[in-house]
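*Asks:* Data: coords.txt, compact mmCIF, C-alpha atoms and all ligand atoms.
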```
# COMPACT_ATOMS: atom_id res chain seq x y z
CA MET A 1 -12.52 -9.67 -20.96
CA LYS A 2 -9.78 -7.21 -21.87
CA LYS A 3 -8.39 -4.93 -19.17
CA LYS A 4 -9.24 -1.27 -19.77
CA GLY A 5 -8.46 0.74 -16.64
CA PHE A 6 -5.37 1.06 -14.50
CA PHE A 7 -4.32 -0.17 -11.11
CA ILE A 8 -2.11 1.96 -8.87
CA CYS A 9 -1.01 1.14 -5.34
CA VAL A 10 0.30 3.40 -2.61
CA GLU A 11 2.80 1.89 -0.21
CA GLY A 12 4.85 2.85 2.82
CA LEU A 13 5.28 2.60 6.56
CA ASP A 14 2.37 2.97 8.96
CA GLY A 15 1.85 6.69 9.42
CA CYS A 16 3.66 7.76 6.23
CA GLY A 17 0.46 9.25 4.83
CA LYS A 18 -0.90 6.52 2.54
CA THR A 19 -4.54 6.92 3.50
CA THR A 20 -4.33 10.73 3.44
CA GLN A 21 -2.63 10.73 0.03
CA ALA A 22 -4.60 7.89 -1.59
CA ARG A 23 -7.88 9.62 -0.68
CA LEU A 24 -6.61 13.02 -1.87
CA LEU A 25 -5.40 11.45 -5.10
CA VAL A 26 -8.76 9.81 -5.79
CA ARG A 27 -10.56 13.10 -5.08
CA LYS A 28 -8.35 14.99 -7.50
CA LEU A 29 -8.35 12.31 -10.20
CA LYS A 30 -12.15 12.18 -10.06
CA GLU A 31 -12.22 15.60 -11.73
CA ASN A 32 -11.10 13.90 -14.96
CA TYR A 33 -11.13 10.13 -14.46
CA ALA A 34 -13.35 7.43 -12.98
CA ALA A 35 -11.12 6.84 -9.95
CA VAL A 36 -11.94 4.61 -6.99
CA TYR A 37 -10.30 4.14 -3.59
CA THR A 38 -9.73 0.73 -2.05
CA ALA A 39 -7.43 -0.60 0.68
CA GLU A 40 -5.79 -3.68 2.16
CA PRO A 41 -6.60 -5.48 4.33
CA SER A 42 -9.78 -5.44 2.26
CA ASN A 43 -13.38 -5.56 3.43
CA GLY A 44 -13.69 -9.16 2.25
CA LYS A 45 -14.05 -12.09 4.67
CA VAL A 46 -10.31 -12.68 5.10
CA GLY A 47 -9.55 -8.96 5.26
CA ARG A 48 -12.09 -8.46 8.03
CA PHE A 49 -10.62 -11.46 9.86
CA ILE A 50 -7.14 -9.90 9.62
CA LYS A 51 -8.37 -6.53 10.92
CA LYS A 52 -10.23 -8.16 13.80
CA TYR A 53 -7.79 -10.84 14.90
CA CYS A 54 -4.32 -10.01 13.63
CA LEU A 55 -3.51 -6.32 13.69
CA HIS A 56 -4.21 -5.52 17.32
CA ASN A 57 -3.44 -8.74 19.13
CA LYS A 58 -0.88 -8.51 21.94
CA LYS A 59 1.20 -11.20 20.33
CA ARG A 60 1.97 -11.15 16.64
CA LEU A 61 1.04 -14.25 14.59
CA SER A 62 3.86 -16.15 12.92
CA SER A 63 5.00 -14.37 9.79
CA VAL A 64 4.17 -17.47 7.72
CA VAL A 65 0.55 -17.32 8.88
CA GLU A 66 0.44 -13.56 8.30
CA SER A 67 1.77 -14.05 4.76
CA LEU A 68 -0.84 -16.71 4.00
CA LEU A 69 -3.68 -14.59 5.34
CA PHE A 70 -2.63 -11.42 3.53
CA ALA A 71 -2.14 -13.37 0.27
CA ALA A 72 -5.61 -14.93 0.67
CA ASP A 73 -7.14 -11.51 1.31
CA ARG A 74 -5.32 -10.11 -1.71
CA PHE A 75 -6.70 -12.88 -3.91
CA GLU A 76 -10.26 -11.96 -2.84
CA HIS A 77 -9.53 -8.24 -3.14
CA VAL A 78 -8.27 -8.65 -6.72
CA GLU A 79 -11.09 -11.00 -7.79
CA ASN A 80 -13.96 -9.12 -6.17
CA VAL A 81 -12.92 -5.47 -6.19
CA ILE A 82 -9.82 -4.50 -8.16
CA LEU A 83 -10.15 -6.53 -11.35
CA PRO A 84 -13.89 -5.91 -11.91
CA ALA A 85 -13.30 -2.15 -11.52
CA VAL A 86 -10.24 -2.14 -13.79
CA LYS A 87 -12.23 -4.09 -16.40
CA ARG A 88 -14.93 -1.41 -16.25
CA GLY A 89 -12.25 1.14 -17.12
CA LYS A 90 -11.72 2.55 -13.61
CA LEU A 91 -8.54 3.95 -12.19
CA VAL A 92 -8.19 1.90 -9.02
CA ILE A 93 -6.05 3.30 -6.19
CA SER A 94 -5.20 0.80 -3.46
CA ASP A 95 -3.99 1.96 -0.06
CA ARG A 96 -1.42 -0.88 0.48
CA TYR A 97 -0.97 -3.95 -1.73
CA LEU A 98 1.59 -6.66 -2.48
CA TYR A 99 4.64 -4.64 -1.39
CA SER A 100 3.20 -4.37 2.12
CA SER A 101 3.38 -8.17 2.40
CA LEU A 102 6.92 -8.21 1.03
CA ALA A 103 8.03 -5.42 3.36
CA TYR A 104 6.26 -6.37 6.60
CA GLN A 105 6.54 -10.15 6.44
CA GLY A 106 9.89 -9.95 4.62
CA ALA A 107 11.22 -7.74 7.41
CA THR A 108 10.76 -10.65 9.82
CA GLY A 109 13.31 -12.63 7.80
CA LEU A 110 10.94 -14.59 5.57
CA ASN A 111 12.14 -15.37 2.07
CA LEU A 112 10.87 -12.69 -0.32
CA GLU A 113 10.68 -15.13 -3.22
CA TRP A 114 8.35 -17.36 -1.21
CA ILE A 115 6.07 -14.39 -0.47
CA GLN A 116 6.15 -13.46 -4.14
CA LYS A 117 5.28 -17.02 -5.11
CA LEU A 118 2.29 -16.98 -2.75
CA ASN A 119 1.11 -13.83 -4.50
CA GLU A 120 1.75 -14.92 -8.05
CA HIS A 121 -1.96 -14.72 -8.89
CA ALA A 122 -2.19 -11.12 -7.71
CA LEU A 123 -2.69 -8.57 -10.48
CA HIS A 124 0.54 -6.71 -11.16
CA PRO A 125 0.07 -2.99 -10.44
CA ASP A 126 0.53 -0.60 -13.36
CA LEU A 127 2.16 1.88 -11.00
CA ALA A 128 3.39 1.39 -7.42
CA ILE A 129 4.26 4.44 -5.31
CA PHE A 130 6.34 4.35 -2.13
CA ILE A 131 5.85 7.29 0.24
CA ASP A 132 9.19 7.41 2.01
CA VAL A 133 9.18 8.89 5.51
CA ASP A 134 11.87 8.53 8.17
CA PRO A 135 10.87 5.80 10.64
CA GLU A 136 11.44 8.25 13.56
CA ILE A 137 8.95 10.69 12.03
CA VAL A 138 6.20 8.17 11.38
CA ILE A 139 6.31 6.91 14.94
CA GLY A 140 5.64 10.50 16.07
CA ARG A 141 2.74 10.87 13.63
CA LEU A 142 0.95 7.77 14.84
CA LYS A 143 -1.38 9.13 17.47
CA ARG A 144 -3.90 6.36 16.96
CA LYS A 145 -3.46 2.95 18.55
CA LYS A 146 -0.36 1.30 17.15
CA SER A 147 -0.74 -2.12 15.56
CA VAL A 148 1.52 -5.03 16.52
CA MET A 149 3.64 -4.33 13.45
CA GLU A 150 4.65 -0.83 14.49
CA ASN A 151 7.76 0.00 16.49
CA LEU A 152 10.93 1.78 15.50
CA LYS A 153 13.10 -1.28 14.97
CA THR A 154 10.45 -3.00 12.89
CA GLN A 155 9.72 0.15 10.89
CA ARG A 156 13.41 0.50 10.01
CA LYS A 157 13.55 -3.09 8.75
CA VAL A 158 10.31 -2.67 6.82
CA ARG A 159 11.65 0.49 5.18
CA GLU A 160 14.82 -1.37 4.14
CA VAL A 161 12.75 -3.89 2.18
CA TYR A 162 10.68 -1.15 0.51
CA VAL A 163 13.89 0.65 -0.47
CA ARG A 164 15.14 -2.50 -2.22
CA PHE A 165 12.09 -2.38 -4.48
CA VAL A 166 12.67 1.31 -5.14
CA GLU A 167 16.23 0.46 -6.13
CA ASN A 168 15.16 -2.26 -8.56
CA GLY A 169 12.63 0.09 -10.15
CA GLU A 170 9.42 -1.63 -9.04
CA LEU A 171 8.40 1.20 -6.70
CA VAL A 172 8.47 4.90 -7.51
CA ASN A 173 9.84 6.87 -4.58
CA VAL A 174 8.08 9.99 -3.29
CA ASP A 175 9.54 12.02 -0.43
CA GLY A 176 6.90 11.84 2.29
CA ASN A 177 8.76 13.97 4.83
CA LYS A 178 7.36 17.15 3.24
CA SER A 179 3.98 18.79 3.89
CA LYS A 180 0.79 16.98 2.90
CA LYS A 181 0.28 19.42 0.02
CA GLU A 182 3.83 18.97 -1.30
CA VAL A 183 3.57 15.19 -1.11
CA ALA A 184 0.18 15.30 -2.85
CA ASP A 185 1.62 17.46 -5.65
CA GLU A 186 4.55 15.09 -6.15
CA ILE A 187 2.25 12.06 -6.27
CA MET A 188 -0.04 13.81 -8.75
CA THR A 189 2.96 14.58 -11.00
CA VAL A 190 4.03 10.91 -10.92
CA VAL A 191 0.50 9.67 -11.66
CA LEU A 192 -0.18 12.15 -14.47
CA GLY A 193 3.21 11.33 -15.99
CA PHE A 194 2.30 7.66 -15.92
CA LEU A 195 -1.17 8.26 -17.41
CA GLU A 196 0.20 10.41 -20.21
CA LYS A 197 2.54 7.61 -21.25
CA ALA A 198 0.01 4.83 -20.76
CA CYS A 199 -3.09 6.34 -22.39
N1 LIG B 201 3.00 14.98 4.99
C1 LIG B 201 2.53 14.92 6.25
N2 LIG B 201 3.03 15.72 7.20
C2 LIG B 201 2.57 15.65 8.48
N3 LIG B 201 1.61 14.83 8.91
C3 LIG B 201 1.07 14.00 8.00
C4 LIG B 201 1.48 13.99 6.63
N4 LIG B 201 0.77 13.05 5.96
C5 LIG B 201 -0.06 12.49 6.88
N5 LIG B 201 0.10 13.06 8.09
C6 LIG B 201 -0.59 12.72 9.34
O1 LIG B 201 0.01 11.52 9.81
C7 LIG B 201 -0.99 10.65 10.36
C8 LIG B 201 -0.96 9.32 9.61
O2 LIG B 201 -1.41 9.54 8.27
P1 LIG B 201 -2.17 8.39 7.48
O3 LIG B 201 -2.56 8.96 6.15
O4 LIG B 201 -3.24 7.78 8.32
O5 LIG B 201 -0.96 7.35 7.30
P2 LIG B 201 -1.00 5.81 6.89
O6 LIG B 201 -2.31 5.59 6.18
O7 LIG B 201 0.18 5.67 5.98
O8 LIG B 201 -0.85 5.03 8.15
C9 LIG B 201 -2.30 11.39 10.24
O9 LIG B 201 -2.56 12.03 11.47
C10 LIG B 201 -2.06 12.38 9.13
O10 LIG B 201 -2.88 13.53 9.24
MG MG B 202 -3.80 4.20 6.59
```
Could you render the structure as structure tokens?
Ligand SMILES: Nc1ncnc2c1ncn2[C@@H]1O[C@H](COP(=O)(O)OP(=O)(O)O)[C@@H](O)[C@H]1O
Ligand SMILES: [Mg+2]
*Replies:*
Amino acid sequence: MKKKGFFICVEGLDGCGKTTQARLLVRKLKENYAAVYTAEPSNGKVGRFIKKYCLHNKKRLSSVVESLLFAADRFEHVENVILPAVKRGKLVISDRYLYSSLAYQGATGLNLEWIQKLNEHALHPDLAIFIDVDPEIVIGRLKRKKSVMENLKTQRKVREVYVRFVENGELVNVDGNKSKKEVADEIMTVVLGFLEKAC
């Protein structure tokens, strides 16, 4: 079946505002488009396993195992949620996607090409947005329980990998240090610009 909709992902450090902005974006887009929100880890079997056993353990799993699990979850997420919706003409907004694997597992020193290879079956996003917030600021914003992947040193390394993908043009950078409203407006401008060109 031919693809009809679009797939957009929102990326960035924990606490940068992905969930806030992805939900706001879907709400606003719904005025004119059939937009749907989804997130990774997904609600599939592997995604639920990750949320239950990996994110809040005292000790972090090996980055190889994390990469395999996230890639497996992504495969299910694409097959069961993203692709069917895109094929029905929806505008799918995912709160985290492939670049989270590259940034978080890549930040541990794993080879980025290997992570990319693992994810070669994952649908390529039509637009990937990086909400860039200073690592010091996101740590302050995270009032909820921190996951094992969140501390200042790690966040700095994770940001470095994201920035590489901004520099090579795969991710569109949005300044996330501004107010929620300003960030939302900037994201909306990027998305509408993309849709105008693509439609
Ligand atoms: N632009 C912003 N300025 C200040 N606080 C923000 C901003 N965006 C989000 N927040 C707050 O930061 C926290 C983390 O936001 P959240 O959307 O859950 O981030 P993420 O999903 O990226 O982890 C929340 O308490 C949220 O209200
Ligand atoms: Mg979130």
*Asks:* Rank nothing, just name the residue among A:Gly5, A:Gly193, A:Gly106, A:Gly17 nearest to ligand MG 202 (chain B), using all atoms listed in the file.
*Replies:* A:Gly17
*Asks:* Residues within 7 Å of Phe130 in chain A, please, as a list of chain:residue names. Count only C-alpha atoms; anything in the same chain fewer than 2 positions from it doesn't count.
*Replies:*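 Returned residues: A:Val10, A:Glu11, A:Gly12, A:Ala128, A:Asp132, A:Leu171, A:Val172, A:Asn173, A:Val174.
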*Asks:* Using all atoms listed in the file, which of the listed residues (A:Ser100, A:Asn80, A:Thr20, A:Asn119) sits closest to Val161 in chain A?
*Replies:*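 Checking each of A:Ser100, A:Asn80, A:Thr20, A:Asn119 against Val161 in chain A, counting all atoms listed in the file, the winner is A:Ser100.
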*Asks:* As a list in words, please: the residues near range 34-50 of chain A (cut-off 8 Å, all atoms listed in the file, same-chain neighbours under 3 positions excluded).
*Replies:*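 The filter keeps Ala22, Arg23, Val26, Arg27, Leu29, Lys30, Tyr53, Cys54, Leu55, Leu69, Phe70, Ala72, Asp73, Arg74, Glu76, His77, Gly89, Lys90, Leu91, Val92, Ile93, Ser94, Asp95, Arg96 and Tyr97 of chain A.
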*Asks:* Let me make sure I understand: among A:Lys117, A:His124, A:Lys28, A:Lys178, which one has the smallest atom-to-atom distance to ligand LIG 201 (chain B) if we use all atoms listed in the file?
*Replies:*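 Smallest separation from ligand LIG 201 (chain B) among the options: A:Lys178.
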*Asks:* Quick one: of A:Val183, A:Leu25, A:Leu102, A:Val190, who's nearest to ligand LIG 201 (chain B), counting only C-alpha atoms and all ligand atoms?
*Replies:*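 Closest to ligand LIG 201 (chain B) of all the choices is A:Val183.
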*Asks:* So which residues are near ligand LIG 201 (chain B), meaning at most 7 Å away with only C-alpha atoms and all ligand atoms counted, given back as a ChimeraX atom specification?
*Replies:* /A:12-21,141-143,176-180,183
*Asks:* Measuring between only C-alpha atoms and all ligand atoms, which one of A:Ile131, A:Gly169, A:Lys52, A:Val78 shows the shortest distance to ligand MG 202 (chain B)?
*Replies:*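 Answer, going by the shortest atom-to-atom distance: A:Ile131.
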*Asks:* Each side padded by 8 Å, which centre and which edge lengths in Å (one decimal) define the axis-aligned box around the listed atoms of range 27-32 of chain A? Give them as JSON.
*Replies:*
```
{"center_x": -10.3, "center_y": 13.9, "center_z": -10.0, "size_x": 19.9, "size_y": 19.4, "size_z": 25.9}
```
*Asks:* CA of Asn151 in chain A and CA of Tyr104 in chain A are how many Å apart?
*Replies:*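 Going from CA of Asn151 in chain A over to CA of Tyr104 in chain A covers 11.9 Å.
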*Asks:* At a cut-off of 7 Å, using all atoms listed in the file, what residues contact Val158 in chain A? Leave out same-chain residues fewer than 3 positions from it and give the result as a PyMOL selection string.
*Replies:* chain A and resi 103-104+107+154-155+161-162
*Asks:* CA of Val166 in chain A to CA of His121 in chain A: how many Å, to one decimal?
*Replies:* 22.0 Å
*Asks:* Mind giving me the straight-line distance from CA of Cys9 in chain A to CA of Gly109 in chain A in Å, one decimal?
*Replies:*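 Straight-line distance from CA of Cys9 in chain A to CA of Gly109 in chain A works out to 23.8 Å.
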*Asks:* I need every residue sitting at most 7 Å from the point (-12.2, -2.1, -18.0) (coordinates as in the file, only C-alpha atoms considered), written as an MDAnalysis selection string.
*Replies:* chainID A and resid 2:5 85:90
*Asks:* When you count all atoms listed in the file, which of these residues is closest to Ala122 in chain A: A:Cys199, A:Ile82, A:Glu136, A:Phe165?
*Replies:* A:Ile82
*Asks:* Missing atoms in range 155-191 of chain A: fill them in up to N, CA and C atoms and send the result as a PDB file, in the coordinates of the input.
*Replies:*
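The resulting out13.pdb:
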```pdb
ATOM      1  N   GLN A 155       9.931  -0.809  11.994  1.00  0.00           N
ATOM      2  CA  GLN A 155       9.720   0.150  10.890  1.00  0.00           C
ATOM      3  C   GLN A 155      10.992   0.325  10.068  1.00  0.00           C
ATOM      4  N   ARG A 156      12.131   0.339  10.754  1.00  0.00           N
ATOM      5  CA  ARG A 156      13.410   0.500  10.010  1.00  0.00           C
ATOM      6  C   ARG A 156      13.628  -0.684   9.076  1.00  0.00           C
ATOM      7  N   LYS A 157      13.357  -1.888   9.586  1.00  0.00           N
ATOM      8  CA  LYS A 157      13.550  -3.090   8.750  1.00  0.00           C
ATOM      9  C   LYS A 157      12.573  -3.089   7.581  1.00  0.00           C
ATOM     10  N   VAL A 158      11.337  -2.699   7.871  1.00  0.00           N
ATOM     11  CA  VAL A 158      10.310  -2.670   6.820  1.00  0.00           C
ATOM     12  C   VAL A 158      10.737  -1.688   5.731  1.00  0.00           C
ATOM     13  N   ARG A 159      11.214  -0.509   6.163  1.00  0.00           N
ATOM     14  CA  ARG A 159      11.650   0.490   5.180  1.00  0.00           C
ATOM     15  C   ARG A 159      12.778  -0.059   4.300  1.00  0.00           C
ATOM     16  N   GLU A 160      13.707  -0.803   4.917  1.00  0.00           N
ATOM     17  CA  GLU A 160      14.820  -1.370   4.140  1.00  0.00           C
ATOM     18  C   GLU A 160      14.321  -2.233   2.986  1.00  0.00           C
ATOM     19  N   VAL A 161      13.275  -3.033   3.256  1.00  0.00           N
ATOM     20  CA  VAL A 161      12.750  -3.890   2.180  1.00  0.00           C
ATOM     21  C   VAL A 161      12.100  -3.035   1.095  1.00  0.00           C
ATOM     22  N   TYR A 162      11.297  -2.046   1.512  1.00  0.00           N
ATOM     23  CA  TYR A 162      10.680  -1.150   0.510  1.00  0.00           C
ATOM     24  C   TYR A 162      11.757  -0.527  -0.369  1.00  0.00           C
ATOM     25  N   VAL A 163      12.836  -0.048   0.277  1.00  0.00           N
ATOM     26  CA  VAL A 163      13.890   0.650  -0.470  1.00  0.00           C
ATOM     27  C   VAL A 163      14.520  -0.269  -1.528  1.00  0.00           C
ATOM     28  N   ARG A 164      14.603  -1.548  -1.215  1.00  0.00           N
ATOM     29  CA  ARG A 164      15.140  -2.500  -2.220  1.00  0.00           C
ATOM     30  C   ARG A 164      14.306  -2.484  -3.489  1.00  0.00           C
ATOM     31  N   PHE A 165      12.972  -2.388  -3.297  1.00  0.00           N
ATOM     32  CA  PHE A 165      12.090  -2.380  -4.480  1.00  0.00           C
ATOM     33  C   PHE A 165      12.103  -1.034  -5.198  1.00  0.00           C
ATOM     34  N   VAL A 166      12.472   0.017  -4.473  1.00  0.00           N
ATOM     35  CA  VAL A 166      12.670   1.310  -5.140  1.00  0.00           C
ATOM     36  C   VAL A 166      13.926   1.184  -6.002  1.00  0.00           C
ATOM     37  N   GLU A 167      14.957   0.576  -5.420  1.00  0.00           N
ATOM     38  CA  GLU A 167      16.230   0.460  -6.130  1.00  0.00           C
ATOM     39  C   GLU A 167      16.131  -0.423  -7.388  1.00  0.00           C
ATOM     40  N   ASN A 168      15.273  -1.428  -7.340  1.00  0.00           N
ATOM     41  CA  ASN A 168      15.160  -2.260  -8.560  1.00  0.00           C
ATOM     42  C   ASN A 168      14.087  -1.742  -9.527  1.00  0.00           C
ATOM     43  N   GLY A 169      13.535  -0.571  -9.212  1.00  0.00           N
ATOM     44  CA  GLY A 169      12.630   0.090 -10.150  1.00  0.00           C
ATOM     45  C   GLY A 169      11.170  -0.323 -10.075  1.00  0.00           C
ATOM     46  N   GLU A 170      10.827  -1.207  -9.119  1.00  0.00           N
ATOM     47  CA  GLU A 170       9.420  -1.630  -9.040  1.00  0.00           C
ATOM     48  C   GLU A 170       8.541  -0.579  -8.359  1.00  0.00           C
ATOM     49  N   LEU A 171       9.142   0.148  -7.408  1.00  0.00           N
ATOM     50  CA  LEU A 171       8.400   1.200  -6.700  1.00  0.00           C
ATOM     51  C   LEU A 171       8.952   2.559  -7.084  1.00  0.00           C
ATOM     52  N   VAL A 172       8.043   3.519  -7.249  1.00  0.00           N
ATOM     53  CA  VAL A 172       8.470   4.900  -7.510  1.00  0.00           C
ATOM     54  C   VAL A 172       8.514   5.630  -6.177  1.00  0.00           C
ATOM     55  N   ASN A 173       9.655   6.218  -5.877  1.00  0.00           N
ATOM     56  CA  ASN A 173       9.840   6.870  -4.580  1.00  0.00           C
ATOM     57  C   ASN A 173       9.298   8.300  -4.571  1.00  0.00           C
ATOM     58  N   VAL A 174       8.546   8.618  -3.494  1.00  0.00           N
ATOM     59  CA  VAL A 174       8.080   9.990  -3.290  1.00  0.00           C
ATOM     60  C   VAL A 174       8.519  10.393  -1.884  1.00  0.00           C
ATOM     61  N   ASP A 175       9.083  11.578  -1.754  1.00  0.00           N
ATOM     62  CA  ASP A 175       9.540  12.020  -0.430  1.00  0.00           C
ATOM     63  C   ASP A 175       8.342  12.424   0.425  1.00  0.00           C
ATOM     64  N   GLY A 176       8.069  11.616   1.436  1.00  0.00           N
ATOM     65  CA  GLY A 176       6.900  11.840   2.290  1.00  0.00           C
ATOM     66  C   GLY A 176       7.192  12.668   3.518  1.00  0.00           C
ATOM     67  N   ASN A 177       8.421  13.158   3.647  1.00  0.00           N
ATOM     68  CA  ASN A 177       8.760  13.970   4.830  1.00  0.00           C
ATOM     69  C   ASN A 177       8.268  15.413   4.696  1.00  0.00           C
ATOM     70  N   LYS A 178       7.824  15.779   3.498  1.00  0.00           N
ATOM     71  CA  LYS A 178       7.360  17.150   3.240  1.00  0.00           C
ATOM     72  C   LYS A 178       5.906  17.329   3.714  1.00  0.00           C
ATOM     73  N   SER A 179       5.370  18.522   3.462  1.00  0.00           N
ATOM     74  CA  SER A 179       3.980  18.790   3.890  1.00  0.00           C
ATOM     75  C   SER A 179       3.011  17.925   3.074  1.00  0.00           C
ATOM     76  N   LYS A 180       1.800  17.789   3.600  1.00  0.00           N
ATOM     77  CA  LYS A 180       0.790  16.980   2.900  1.00  0.00           C
ATOM     78  C   LYS A 180       0.576  17.495   1.476  1.00  0.00           C
ATOM     79  N   LYS A 181       0.531  18.808   1.335  1.00  0.00           N
ATOM     80  CA  LYS A 181       0.280  19.420   0.020  1.00  0.00           C
ATOM     81  C   LYS A 181       1.443  19.105  -0.935  1.00  0.00           C
ATOM     82  N   GLU A 182       2.679  19.237  -0.431  1.00  0.00           N
ATOM     83  CA  GLU A 182       3.830  18.970  -1.300  1.00  0.00           C
ATOM     84  C   GLU A 182       3.881  17.506  -1.728  1.00  0.00           C
ATOM     85  N   VAL A 183       3.576  16.617  -0.774  1.00  0.00           N
ATOM     86  CA  VAL A 183       3.570  15.190  -1.110  1.00  0.00           C
ATOM     87  C   VAL A 183       2.474  14.912  -2.134  1.00  0.00           C
ATOM     88  N   ALA A 184       1.306  15.508  -1.927  1.00  0.00           N
ATOM     89  CA  ALA A 184       0.180  15.300  -2.850  1.00  0.00           C
ATOM     90  C   ALA A 184       0.557  15.776  -4.251  1.00  0.00           C
ATOM     91  N   ASP A 185       1.227  16.935  -4.334  1.00  0.00           N
ATOM     92  CA  ASP A 185       1.620  17.460  -5.650  1.00  0.00           C
ATOM     93  C   ASP A 185       2.601  16.515  -6.339  1.00  0.00           C
ATOM     94  N   GLU A 186       3.544  15.982  -5.548  1.00  0.00           N
ATOM     95  CA  GLU A 186       4.550  15.090  -6.150  1.00  0.00           C
ATOM     96  C   GLU A 186       3.880  13.805  -6.656  1.00  0.00           C
ATOM     97  N   ILE A 187       2.955  13.284  -5.859  1.00  0.00           N
ATOM     98  CA  ILE A 187       2.250  12.060  -6.270  1.00  0.00           C
ATOM     99  C   ILE A 187       1.439  12.320  -7.548  1.00  0.00           C
ATOM    100  N   MET A 188       0.778  13.464  -7.580  1.00  0.00           N
ATOM    101  CA  MET A 188      -0.040  13.810  -8.750  1.00  0.00           C
ATOM    102  C   MET A 188       0.840  13.889  -9.999  1.00  0.00           C
ATOM    103  N   THR A 189       2.040  14.473  -9.860  1.00  0.00           N
ATOM    104  CA  THR A 189       2.960  14.580 -11.000  1.00  0.00           C
ATOM    105  C   THR A 189       3.347  13.177 -11.500  1.00  0.00           C
ATOM    106  N   VAL A 190       3.654  12.290 -10.551  1.00  0.00           N
ATOM    107  CA  VAL A 190       4.030  10.910 -10.920  1.00  0.00           C
ATOM    108  C   VAL A 190       2.865  10.228 -11.648  1.00  0.00           C
ATOM    109  N   VAL A 191       1.658  10.367 -11.088  1.00  0.00           N
ATOM    110  CA  VAL A 191       0.500   9.670 -11.660  1.00  0.00           C
ATOM    111  C   VAL A 191       0.144  10.235 -13.038  1.00  0.00           C
TER     112      VAL A 191
END
```
